[in-house]
Each structure stands twice: as structure tokens, then as C-alpha cells.
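Undergrad: A single structure is presented below for examination.
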Amino acid sequence: MTTVDQVFRSRATDASVGLRFEDRDWTWAEVVGESAARAAALPALCPQPAGRPRHIGVLLDNVPDYVFWLGAAAMSGTVLVGINPSRRGTELAQDIRHADCDVIITNGEHAALIAGLDLDLPGDRIHDIDSPAHAALLAPLHGVSPPDLTPAHDDLFLLLFSSGSTGAPKAVRMSQGRLGRFAAAAADRVGIADASVTYLCMPLFHGNAIMMNLVPALAVGATVGMVRKFSASRFSGDVHRLGATYVNYVGRALSYVVMTPEDPRDRSGSLRLAFGTEASEADIAAFSARFGCEVMEGYGMSEGVFRIARTAETPPGALGLPAGGADVRVLDEEGRECPRAEFDATGRLRSGSAIGEIVGVGLAPLFEGYYENPAAEAERVRGDDFWTGDLAYRDQDGHFWFAGRATDWLRVDSENFSAAPVERILARCPGVAAACVYAVPDPRTGDQVMCALEYDAHTDFDPAAFRAFLDAQADLGTKWRPRFVRVVERLPLTGSGKVDKAPLRRQAWLTDDAVWVREPRGTEYVRLGPDAVNAITAQFEQHRRVAHLPQG
């Protein structure tokens, strides 16, 4: 099986349970049948564009229709665009326009997010799956056969949104062949078999859920137990209710789970493996002990190209080594390989010269590109080499250690976004003369949002007013609210007059300027003092991330 179309069609007669959602089950054969009905409905939803396949944007939580539309797209040669519902306002509209969506598949809850936005689409192209019209459209199509066509290996199948440093949309291209080939290999890597039950709680608009759960399970005929969205408080109950043997995760998901009360069934439950990225060592250990399961970490990208995997010799906290013998290095801006890292007694890097960008040498031909975004592609491809935009260093044994982001974007709770749209919002705040947004390290994993604000001569920072301003911004993404606010007299500039974020990132909250901090789940800002700084440092020590602490 080398295309996603073939993966779906391989389950057309499979009577085993394929999808379990809330109080209903679908066999894999029924999943394929529902997908075929939606493929047959596509001509009624939107005409065939000239010169390209249809693009259907899906703006939904994890519901069965999302899976059915993935199947419909795969078998009809249609492109599915995963739309991130945590985006807001003009940025959300820009994603939809950029991806050339011909129709939006949504429901009442999510339709409210795009109401009144300039989508460049007729009103009848917004299709509500909960409406009577949806049921009427599909009623005569149940039982139809899958489309009589064979998508090619290099046909575009998915557009998965990330964000570039400029704030422009960046939609990763994924072909039928790339995902089809990946499916069986991924299932083998994480031990998913026909008797497995996967727990799908990560969002389907994200490549991790599709690449490391749904499609590998489909390839081998496992059962997928799906929930609308991740909930730490419901995690244990869901795992036991479903009899889940496998779960994928991203970012801080494990951290949120281990902070919930333990279920007496956890240690002897069905869960065998959790696979994901960016969990802290402390959270990995706590989750593994609580559920009596293995936790497997890996480094990969929606862009594909290569992956870095842990081995038995990989030190705690490291990413690991390139898989499959891929030539992956850490290079400086001039393309020279960085020296191997050396550490002091506390685990801090002795020199920043060891940090550079993770580069797949000679691997650029494996990159399928970004949709209609040559500028973003140019950031990644230099000759035959693929530059990831991620920073790292290598220890004396060659293991890679993650060190942040090379380009101006952030990753918070597994969500990637650019600083630029957040800066545009903060610039609207009364009295703000200039705003700068950048990533600072999270004590557990990923990034936190920090901003530096330069006010005009007549305005002082008012934490209550700033909070009220943020609360009133409808286009502020759910992950975009700053954790730290630094108030500066003047933002640092480069020789060419551009804002220089390097010293801001390096200093983070360790500065003589006034810094205000927001509690992780709160909205109020309080002045950061020495005791709070010490508490933050203790969190980095607890999670074995002292090498990520700012230098001040």
C-alpha cells in the first residue's frame, strides 16, 4: 500500500470495529462507506476548480465526520485542509484563503468562528454537518461505491498549517504517497497491530494525530477510540473505558495528565505505549510509572524529510540520533558544523558556539514544500540541504539536544505560531509605541510567550488595563497571551534599524527592567520578584532543563 487512497480502500470489507466515538462504533467497512458517500457528495458542495483538485477545509473537533472526510478526500483525489480552531479573526480567514478552500466543512459551534470573516467564499460553501441539509445530502448516497479513480503517489492529499517567521500562512504539503508509505512503517515502529486500540485525543488538524495514530491504525486494522478533544481530567477514564493500548501526544499533554488524581486502575490498565514529542523527563517518568507503560519520544516534523529517535544509549533529555543513517548535522549560519557541546557541573553549556540549526544534509529533495509560499520554502532549502528552523547542539557522543527555534515562531502546548500576528495585536494596545514578541523556554517543554513593550512618553504599564485589553481582542489566539511582559525604555535595534530579539531571548526574565508574569492558567499579571525567579529556576531543575535557563 503506497497511497492513502489504497490504505482506505484496503479496509472496504473489514468488519472489525474501526472507529469508536462516544456511544457508537463503526466497522472499518462502514468508515469506508461513509467516506464514499461524502466523496459522492462533493460535486453538490462545490464545482470542480479549473486546473487543480478541490480543496475542502475542515473546521471541526475530532468527530467521526472528520475521519469520513479524510477518507472522502483520499479516495476522490481531493485535498483536505486541516483548519486550526484555536486561530482567530483575520489570521483564521487568511489561512482559509491562502489554502484556496473551495468549501468549509464545519458545525454550528465552529461556524461562529468564521461568521463575518472575509473568506472569499459564497455563503453556501459553508457546510454544517449538524444541519438537516447535511443529512438530506447524504441520505441517497449511502451504499455507493468508492470513486472509480486512482490517485497518483505524488498527488497532493493534505495541507497542514504551521507558521513562518513572517506571520504569513505556511501550509505543509503532504502527498498521497508520503503518508501512504509512512502509515505501515509508523505502525510497525510503535507496535500498532490489528488487536490494538489507539486513543486519539490529539487534534486531527495536526499532523501528529493523523501520522502517528489514525492512518497507521487504519493501515493495520486496529481500533481507533476517538474523543472530541484532549482532556487531562478525562484521560484515565477514557483509556480504561476504551481499553486503549496506545496513545500519541504532543507538548505538555503528559504533564497535564500526571497532575490529575490517579485512578486505582491506572497501574494495571491496558495502556502499553505513549508516543510523542517534547515531554519533560520528569513527566515521562511520572506518566510511565503511573500507567505502567513505555513512553517513547521522537523528533519529527510535518514536513517529513528525516526524524531523530532515541536509542538505548540516549541520555535523558536528549532527542537522540538520526534514524535510518540520515546525514543530519548542527550548522551555524555560514553552513559550518558547530563544535560538540561541553557542559559545566550544573549541566549548563559552557559555550553558545555549540548551538546551531538542525540541518538534513542532502535531504532537501525529500521536502514536498509549502503550498503557494516560495519565501517560506526558501527558508528551508539551501542547495540540497534542508534547514529545519530548529536549534540544537550535539554532545560528545553525537546525540542531539533541542535548543529552541531559529526563526521567529513559538511552540506553546504543541501549537506552532508566529510572533508577528501577536505583535500586531499588542501594537493596538493604547500607549504602546512598539511591541516585540519572542519565545522563552518553558520549564517542562516547548516555549512560553514573552513580550517586550515600549510605551510612549505619556503612558505607563498598567497590568489591569493590559489584561482588560487582551480580554477584548477577538483575534488573540488561545495560546498567544503573553506569560511574561517586559517593559523597556527602548527596544534594542540592529545596525540596520530592525528590532534585535537576540538579547531579549537571551535575557528572558533575568533583566533589570520591570517584568510582569501571569500565572500559567490565570489572566492577572503580577510584578516578578526574586522569590518568583527562584521558583522558576527550581522548576527547570526539577524537570532537568537547566541548560535551557536564560543567561541574563
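Each chain of the C-alpha cells is named A, B, ... in the order shown, its residues numbered from 1; ligands are numbered from 1 in display order.
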Determine, using only C-alpha atoms, which residues of stretch 371-429 of chain A have any atom at most 8 Å from an atom of stretch 304-326 of chain A, and tabulate each with its shortest atom pair and distance in Å to one decimal place, rows ordered by chain and then rising number, as a tab-separated table.
TA:
residue	atom	partner	partner_atom	distance
A:Phe386	CA	A:Val305	CA	8.0
A:Gly398	CA	A:Leu321	CA	7.2
A:His399	CA	A:Gly320	CA	5.0
A:Phe400	CA	A:Leu319	CA	5.3
A:Trp401	CA	A:Ala318	CA	4.7
A:Phe402	CA	A:Leu319	CA	6.6
Undergrad: Could you save those same residues with all heavy atoms as a PDB file, in the first residue's frame?
TA:
ATOM      1  N   PHE A 386      18.297  20.658   3.840  1.00  0.00           N
ATOM      2  CA  PHE A 386      17.032  21.073   4.448  1.00  0.00           C
ATOM      3  C   PHE A 386      17.314  21.639   5.821  1.00  0.00           C
ATOM      4  O   PHE A 386      17.772  20.931   6.721  1.00  0.00           O
ATOM      5  CB  PHE A 386      16.072  19.889   4.544  1.00  0.00           C
ATOM      6  CG  PHE A 386      14.755  20.231   5.182  1.00  0.00           C
ATOM      7  CD1 PHE A 386      13.759  20.855   4.450  1.00  0.00           C
ATOM      8  CD2 PHE A 386      14.512  19.940   6.518  1.00  0.00           C
ATOM      9  CE1 PHE A 386      12.547  21.188   5.040  1.00  0.00           C
ATOM     10  CE2 PHE A 386      13.298  20.255   7.112  1.00  0.00           C
ATOM     11  CZ  PHE A 386      12.321  20.883   6.362  1.00  0.00           C
ATOM     12  N   GLY A 398      27.482  12.525  20.038  1.00  0.00           N
ATOM     13  CA  GLY A 398      26.712  12.781  18.827  1.00  0.00           C
ATOM     14  C   GLY A 398      25.223  12.922  19.014  1.00  0.00           C
ATOM     15  O   GLY A 398      24.500  13.168  18.040  1.00  0.00           O
ATOM     16  N   HIS A 399      24.719  12.767  20.242  1.00  0.00           N
ATOM     17  CA  HIS A 399      23.284  12.898  20.469  1.00  0.00           C
ATOM     18  C   HIS A 399      22.852  14.358  20.320  1.00  0.00           C
ATOM     19  O   HIS A 399      23.552  15.269  20.760  1.00  0.00           O
ATOM     20  CB  HIS A 399      22.907  12.387  21.865  1.00  0.00           C
ATOM     21  CG  HIS A 399      23.133  10.925  22.047  1.00  0.00           C
ATOM     22  ND1 HIS A 399      24.242  10.423  22.679  1.00  0.00           N
ATOM     23  CD2 HIS A 399      22.406   9.859  21.648  1.00  0.00           C
ATOM     24  CE1 HIS A 399      24.186   9.099  22.692  1.00  0.00           C
ATOM     25  NE2 HIS A 399      23.086   8.732  22.067  1.00  0.00           N
ATOM     26  N   PHE A 400      21.690  14.544  19.726  1.00  0.00           N
ATOM     27  CA  PHE A 400      21.136  15.876  19.532  1.00  0.00           C
ATOM     28  C   PHE A 400      20.345  16.295  20.772  1.00  0.00           C
ATOM     29  O   PHE A 400      19.617  15.496  21.359  1.00  0.00           O
ATOM     30  CB  PHE A 400      20.197  15.891  18.319  1.00  0.00           C
ATOM     31  CG  PHE A 400      20.897  15.860  16.989  1.00  0.00           C
ATOM     32  CD1 PHE A 400      21.477  14.686  16.524  1.00  0.00           C
ATOM     33  CD2 PHE A 400      20.973  16.991  16.193  1.00  0.00           C
ATOM     34  CE1 PHE A 400      22.119  14.639  15.300  1.00  0.00           C
ATOM     35  CE2 PHE A 400      21.613  16.963  14.964  1.00  0.00           C
ATOM     36  CZ  PHE A 400      22.193  15.781  14.515  1.00  0.00           C
ATOM     37  N   TRP A 401      20.466  17.587  21.103  1.00  0.00           N
ATOM     38  CA  TRP A 401      19.715  18.187  22.209  1.00  0.00           C
ATOM     39  C   TRP A 401      19.004  19.420  21.668  1.00  0.00           C
ATOM     40  O   TRP A 401      19.617  20.290  21.064  1.00  0.00           O
ATOM     41  CB  TRP A 401      20.651  18.611  23.346  1.00  0.00           C
ATOM     42  CG  TRP A 401      21.381  17.470  23.989  1.00  0.00           C
ATOM     43  CD1 TRP A 401      22.393  16.725  23.471  1.00  0.00           C
ATOM     44  CD2 TRP A 401      21.145  16.952  25.306  1.00  0.00           C
ATOM     45  NE1 TRP A 401      22.805  15.781  24.357  1.00  0.00           N
ATOM     46  CE2 TRP A 401      22.060  15.888  25.499  1.00  0.00           C
ATOM     47  CE3 TRP A 401      20.267  17.292  26.334  1.00  0.00           C
ATOM     48  CZ2 TRP A 401      22.109  15.156  26.680  1.00  0.00           C
ATOM     49  CZ3 TRP A 401      20.316  16.569  27.510  1.00  0.00           C
ATOM     50  CH2 TRP A 401      21.232  15.513  27.681  1.00  0.00           C
ATOM     51  N   PHE A 402      17.708  19.495  21.881  1.00  0.00           N
ATOM     52  CA  PHE A 402      16.921  20.608  21.363  1.00  0.00           C
ATOM     53  C   PHE A 402      17.260  21.900  22.105  1.00  0.00           C
ATOM     54  O   PHE A 402      17.419  21.893  23.323  1.00  0.00           O
ATOM     55  CB  PHE A 402      15.429  20.309  21.514  1.00  0.00           C
ATOM     56  CG  PHE A 402      14.528  21.340  20.890  1.00  0.00           C
ATOM     57  CD1 PHE A 402      14.419  21.431  19.511  1.00  0.00           C
ATOM     58  CD2 PHE A 402      13.792  22.200  21.678  1.00  0.00           C
ATOM     59  CE1 PHE A 402      13.593  22.376  18.932  1.00  0.00           C
ATOM     60  CE2 PHE A 402      12.951  23.141  21.114  1.00  0.00           C
ATOM     61  CZ  PHE A 402      12.859  23.228  19.732  1.00  0.00           C
TER      62      PHE A 402
END
Undergrad: Please return as JSON, numbers by chain: the residues of stretch 2-90 of chain A that backbone DSSP assigns to helix (DSSP H, G or I).
TA: {"A": [4, 5, 6, 7, 8, 9, 28, 29, 30, 31, 32, 33, 34, 35, 36, 37, 38, 39, 40, 41, 42, 43, 44, 45, 64, 65, 66, 67, 68, 69, 70, 71, 72, 73, 74, 75, 76, 89, 90]}
Undergrad: Could you check which of A:Ser16, A:Thr2, A:Asp475, A:Ala378 is closest to A:Arg181, using only C-alpha atoms?
TA: A:Thr2
Undergrad: Using only C-alpha atoms, determine which residues lie at most 7 Å from A:Phe291, disregarding the query and same-chain residues fewer than 2 positions distant; provide the list as a list in words.
TA: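 Surrounding residues, per the criterion: Asp266, Arg267, Gly269, Leu271, Phe287, Ser288, Ala289 and Cys293 of chain A.
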Undergrad: Nearest to A:Glu372 among A:Arg444, A:His98, A:His153, A:His55, with distances taken over only C-alpha atoms: which residue is it?
TA: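 Closest candidate: A:His98.
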Undergrad: What are the closest atom pairs, with distances in Å to one decimal, for each residue of stretch 134-214 of chain A lying within 10 Å of stretch 72-88 of chain A, using only C-alpha atoms, rows by chain and rising residue number, as JSON lines?
TA:
{"residue": "A:Pro146", "atom": "CA", "partner": "A:Met75", "partner_atom": "CA", "distance": 6.7}
{"residue": "A:Pro147", "atom": "CA", "partner": "A:Ser76", "partner_atom": "CA", "distance": 5.9}
{"residue": "A:Asp148", "atom": "CA", "partner": "A:Ser76", "partner_atom": "CA", "distance": 8.3}
{"residue": "A:Leu149", "atom": "CA", "partner": "A:Ser76", "partner_atom": "CA", "distance": 7.1}
{"residue": "A:Thr150", "atom": "CA", "partner": "A:Met75", "partner_atom": "CA", "distance": 7.7}
{"residue": "A:Pro151", "atom": "CA", "partner": "A:Gly77", "partner_atom": "CA", "distance": 5.5}
{"residue": "A:Ala152", "atom": "CA", "partner": "A:Gly77", "partner_atom": "CA", "distance": 8.5}
{"residue": "A:Asp155", "atom": "CA", "partner": "A:Gly77", "partner_atom": "CA", "distance": 7.3}
{"residue": "A:Leu156", "atom": "CA", "partner": "A:Val79", "partner_atom": "CA", "distance": 6.2}
{"residue": "A:Phe157", "atom": "CA", "partner": "A:Val79", "partner_atom": "CA", "distance": 4.6}
{"residue": "A:Leu158", "atom": "CA", "partner": "A:Leu80", "partner_atom": "CA", "distance": 5.0}
{"residue": "A:Leu159", "atom": "CA", "partner": "A:Val81", "partner_atom": "CA", "distance": 4.8}
{"residue": "A:Leu160", "atom": "CA", "partner": "A:Gly82", "partner_atom": "CA", "distance": 5.6}
{"residue": "A:Phe161", "atom": "CA", "partner": "A:Gly82", "partner_atom": "CA", "distance": 7.1}
{"residue": "A:Ser162", "atom": "CA", "partner": "A:Asn84", "partner_atom": "CA", "distance": 9.6}
{"residue": "A:Ala171", "atom": "CA", "partner": "A:Val81", "partner_atom": "CA", "distance": 8.6}
{"residue": "A:Val172", "atom": "CA", "partner": "A:Val81", "partner_atom": "CA", "distance": 9.9}
{"residue": "A:Arg173", "atom": "CA", "partner": "A:Val79", "partner_atom": "CA", "distance": 9.8}
{"residue": "A:Met174", "atom": "CA", "partner": "A:Val79", "partner_atom": "CA", "distance": 9.4}
{"residue": "A:Ser175", "atom": "CA", "partner": "A:Val79", "partner_atom": "CA", "distance": 9.2}
{"residue": "A:Gln176", "atom": "CA", "partner": "A:Ala74", "partner_atom": "CA", "distance": 7.5}
{"residue": "A:Pro203", "atom": "CA", "partner": "A:Asn84", "partner_atom": "CA", "distance": 8.8}
{"residue": "A:Leu204", "atom": "CA", "partner": "A:Gly82", "partner_atom": "CA", "distance": 7.4}
{"residue": "A:Phe205", "atom": "CA", "partner": "A:Gly82", "partner_atom": "CA", "distance": 4.3}
{"residue": "A:His206", "atom": "CA", "partner": "A:Gly82", "partner_atom": "CA", "distance": 7.3}
{"residue": "A:Gly207", "atom": "CA", "partner": "A:Gly82", "partner_atom": "CA", "distance": 9.0}
Undergrad: Grab the residues selected above and save them as a tab-separated table (two decimals), in the first residue's frame with N, CA, C and O atoms.
TA:
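Dumped to again-v3.tsv:
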chain	number	residue	atom	x	y	z
A	146	PRO	N	-16.87	3.45	-3.67
A	146	PRO	CA	-15.84	4.49	-3.72
A	146	PRO	C	-15.61	4.97	-5.15
A	146	PRO	O	-15.92	4.25	-6.10
A	147	PRO	N	-15.11	6.17	-5.32
A	147	PRO	CA	-14.89	6.72	-6.67
A	147	PRO	C	-14.03	5.79	-7.53
A	147	PRO	O	-13.11	5.13	-7.03
A	148	ASP	N	-14.36	5.76	-8.82
A	148	ASP	CA	-13.62	4.91	-9.76
A	148	ASP	C	-12.44	5.69	-10.32
A	148	ASP	O	-12.45	6.14	-11.47
A	149	LEU	N	-11.45	5.89	-9.48
A	149	LEU	CA	-10.22	6.57	-9.93
A	149	LEU	C	-9.08	6.12	-9.05
A	149	LEU	O	-9.28	5.53	-7.99
A	150	THR	N	-7.87	6.42	-9.48
A	150	THR	CA	-6.67	6.00	-8.75
A	150	THR	C	-5.74	7.20	-8.60
A	150	THR	O	-5.01	7.54	-9.52
A	151	PRO	N	-5.77	7.86	-7.44
A	151	PRO	CA	-4.85	8.98	-7.23
A	151	PRO	C	-3.40	8.54	-7.36
A	151	PRO	O	-3.03	7.42	-6.97
A	152	ALA	N	-2.57	9.40	-7.91
A	152	ALA	CA	-1.15	9.11	-8.07
A	152	ALA	C	-0.39	9.33	-6.76
A	152	ALA	O	-0.87	10.03	-5.86
A	155	ASP	N	0.18	12.95	-5.90
A	155	ASP	CA	-0.97	13.83	-5.79
A	155	ASP	C	-1.05	14.42	-4.38
A	155	ASP	O	-0.88	13.70	-3.39
A	156	LEU	N	-1.32	15.70	-4.31
A	156	LEU	CA	-1.45	16.36	-3.01
A	156	LEU	C	-2.68	15.82	-2.28
A	156	LEU	O	-3.76	15.70	-2.85
A	157	PHE	N	-2.52	15.51	-0.98
A	157	PHE	CA	-3.62	14.99	-0.17
A	157	PHE	C	-3.97	15.92	0.99
A	157	PHE	O	-5.13	16.20	1.24
A	158	LEU	N	-2.97	16.40	1.72
A	158	LEU	CA	-3.22	17.22	2.90
A	158	LEU	C	-2.46	18.53	2.84
A	158	LEU	O	-1.34	18.59	2.31
A	159	LEU	N	-3.06	19.57	3.43
A	159	LEU	CA	-2.36	20.81	3.76
A	159	LEU	C	-2.49	20.98	5.27
A	159	LEU	O	-3.60	21.11	5.79
A	160	LEU	N	-1.36	20.95	5.96
A	160	LEU	CA	-1.32	21.04	7.42
A	160	LEU	C	-0.62	22.34	7.80
A	160	LEU	O	0.55	22.54	7.47
A	161	PHE	N	-1.32	23.20	8.50
A	161	PHE	CA	-0.78	24.53	8.77
A	161	PHE	C	0.24	24.54	9.88
A	161	PHE	O	0.08	23.94	10.93
A	162	SER	N	1.32	25.27	9.59
A	162	SER	CA	2.29	25.68	10.58
A	162	SER	C	2.37	27.19	10.42
A	162	SER	O	1.50	27.79	9.81
A	171	ALA	N	1.50	26.32	4.84
A	171	ALA	CA	0.75	25.06	4.79
A	171	ALA	C	1.64	23.97	4.23
A	171	ALA	O	2.05	24.00	3.07
A	172	VAL	N	1.97	22.99	5.07
A	172	VAL	CA	2.84	21.89	4.68
A	172	VAL	C	2.10	20.98	3.71
A	172	VAL	O	0.97	20.56	3.96
A	173	ARG	N	2.75	20.67	2.60
A	173	ARG	CA	2.17	19.78	1.61
A	173	ARG	C	2.46	18.32	1.98
A	173	ARG	O	3.60	17.98	2.30
A	174	MET	N	1.44	17.48	1.95
A	174	MET	CA	1.62	16.05	2.18
A	174	MET	C	0.93	15.29	1.06
A	174	MET	O	-0.28	15.42	0.87
A	175	SER	N	1.70	14.53	0.34
A	175	SER	CA	1.17	13.80	-0.81
A	175	SER	C	0.52	12.49	-0.39
A	175	SER	O	0.73	11.99	0.72
A	176	GLN	N	-0.24	11.92	-1.30
A	176	GLN	CA	-0.82	10.59	-1.10
A	176	GLN	C	0.27	9.57	-0.80
A	176	GLN	O	0.13	8.74	0.11
A	203	PRO	N	-5.60	16.74	18.29
A	203	PRO	CA	-6.46	17.25	17.21
A	203	PRO	C	-6.05	16.77	15.83
A	203	PRO	O	-4.87	16.73	15.49
A	204	LEU	N	-7.06	16.44	15.02
A	204	LEU	CA	-6.80	15.92	13.68
A	204	LEU	C	-6.31	16.98	12.71
A	204	LEU	O	-5.85	16.63	11.62
A	205	PHE	N	-6.41	18.27	13.06
A	205	PHE	CA	-5.82	19.27	12.16
A	205	PHE	C	-4.30	19.28	12.28
A	205	PHE	O	-3.62	19.92	11.50
A	206	HIS	N	-3.77	18.56	13.24
A	206	HIS	CA	-2.34	18.48	13.49
A	206	HIS	C	-1.79	17.18	12.90
A	206	HIS	O	-2.41	16.13	13.02
A	207	GLY	N	-0.63	17.25	12.27
A	207	GLY	CA	-0.06	16.07	11.62
A	207	GLY	C	0.19	14.91	12.55
A	207	GLY	O	0.12	13.75	12.14
Undergrad: Which residues in stretch 189-223 of chain A does DSSP call strand (DSSP E)? List them as an MDAnalysis selection string.
TA: chainID A and resid 197:200 223
Undergrad: Find the spatial neighbours of A:Gly33, counting only C-alpha atoms, within a cut-off of 8 Å - ignore same-chain residues fewer than 5 positions away - and output them as an mmCIF file with C-alpha atoms, in the first residue's frame.
TA:
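Output file out35.cif follows:
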data_model
loop_
_atom_site.group_PDB
_atom_site.id
_atom_site.type_symbol
_atom_site.label_atom_id
_atom_site.label_comp_id
_atom_site.auth_asym_id
_atom_site.auth_seq_id
_atom_site.Cartn_x
_atom_site.Cartn_y
_atom_site.Cartn_z
ATOM 1 C CA ALA A 12 -13.583 -1.703 2.452
ATOM 2 C CA HIS A 142 -25.349 5.633 1.452
ATOM 3 C CA GLY A 143 -24.169 2.409 -0.108
ATOM 4 C CA VAL A 144 -22.410 3.989 -3.094
ATOM 5 C CA SER A 145 -19.078 2.555 -4.158
ATOM 6 C CA PRO A 146 -15.835 4.490 -3.719
#
Undergrad: For the atom pair atom CA of A:Arg11 and atom CA of A:Asp102, what is the interatomic distance in Å to one decimal place?
TA: 28.4 Å
Undergrad: Can you work out which one of A:Tyr370, A:Tyr249, A:Tyr256, A:Trp69 has the shortest atom-to-atom distance to A:Ala232, counting only C-alpha atoms?
TA: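 Checking each of A:Tyr370, A:Tyr249, A:Tyr256, A:Trp69 against A:Ala232, counting only C-alpha atoms, the winner is A:Tyr256.
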Undergrad: Counting only C-alpha atoms, figure out which residue out of A:Asp500, A:Glu423, A:Gly352, A:Trp387 gets nearest to A:Pro550.
TA: A:Gly352
Undergrad: Please provide as a ChimeraX atom specification all residues within 7 Å of stretch 125-133 of chain A, with the sequence filter that same-chain residues fewer than 6 positions apart are discarded (counting only C-alpha atoms).
TA: /A:45-46,103-108
Undergrad: List as a ChimeraX atom specification the protein and nucleic acid residues near A:Glu30, meaning an atom at most 9 Å away when only C-alpha atoms are counted, but skip any in the same chain fewer than 3 places from it.
TA: /A:12-15,18,26-27,33-35
Undergrad: How would the residues just chosen look if you wrote them out with C-alpha atoms as a PDB file, in the first residue's frame?
TA:
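Below you can see out.pdb, which holds the result:
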ATOM      1  CA  ALA A  12     -13.583  -1.703   2.452  1.00  0.00           C
ATOM      2  CA  THR A  13     -14.644  -5.196   3.575  1.00  0.00           C
ATOM      3  CA  ASP A  14     -13.166  -5.166   7.105  1.00  0.00           C
ATOM      4  CA  ALA A  15     -15.981  -5.965   9.565  1.00  0.00           C
ATOM      5  CA  GLY A  18     -12.510   0.610  13.257  1.00  0.00           C
ATOM      6  CA  TRP A  26     -18.259   1.921  13.145  1.00  0.00           C
ATOM      7  CA  THR A  27     -16.571  -1.005  11.433  1.00  0.00           C
ATOM      8  CA  GLY A  33     -18.765   3.512   3.170  1.00  0.00           C
ATOM      9  CA  GLU A  34     -19.350   6.840   4.951  1.00  0.00           C
ATOM     10  CA  SER A  35     -16.268   8.222   3.217  1.00  0.00           C
TER      11      SER A  35
END
Undergrad: Check the smallest atom-to-atom distance from each of A:Ala282, A:Leu391, A:Leu59, A:Ala274 to A:Val239 using only C-alpha atoms, then report the winner.
TA: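 Looking only at the distances to A:Val239, the closest residue turns out to be A:Ala274.
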Undergrad: Could you give me, as a PyMOL selection string, the residues within 10 Å of A:Val412, counting only C-alpha atoms and dropping anything in the same chain fewer than 5 positions from it?
TA: chain A and resi 251-252+417+439+441-442+445-449+479-480
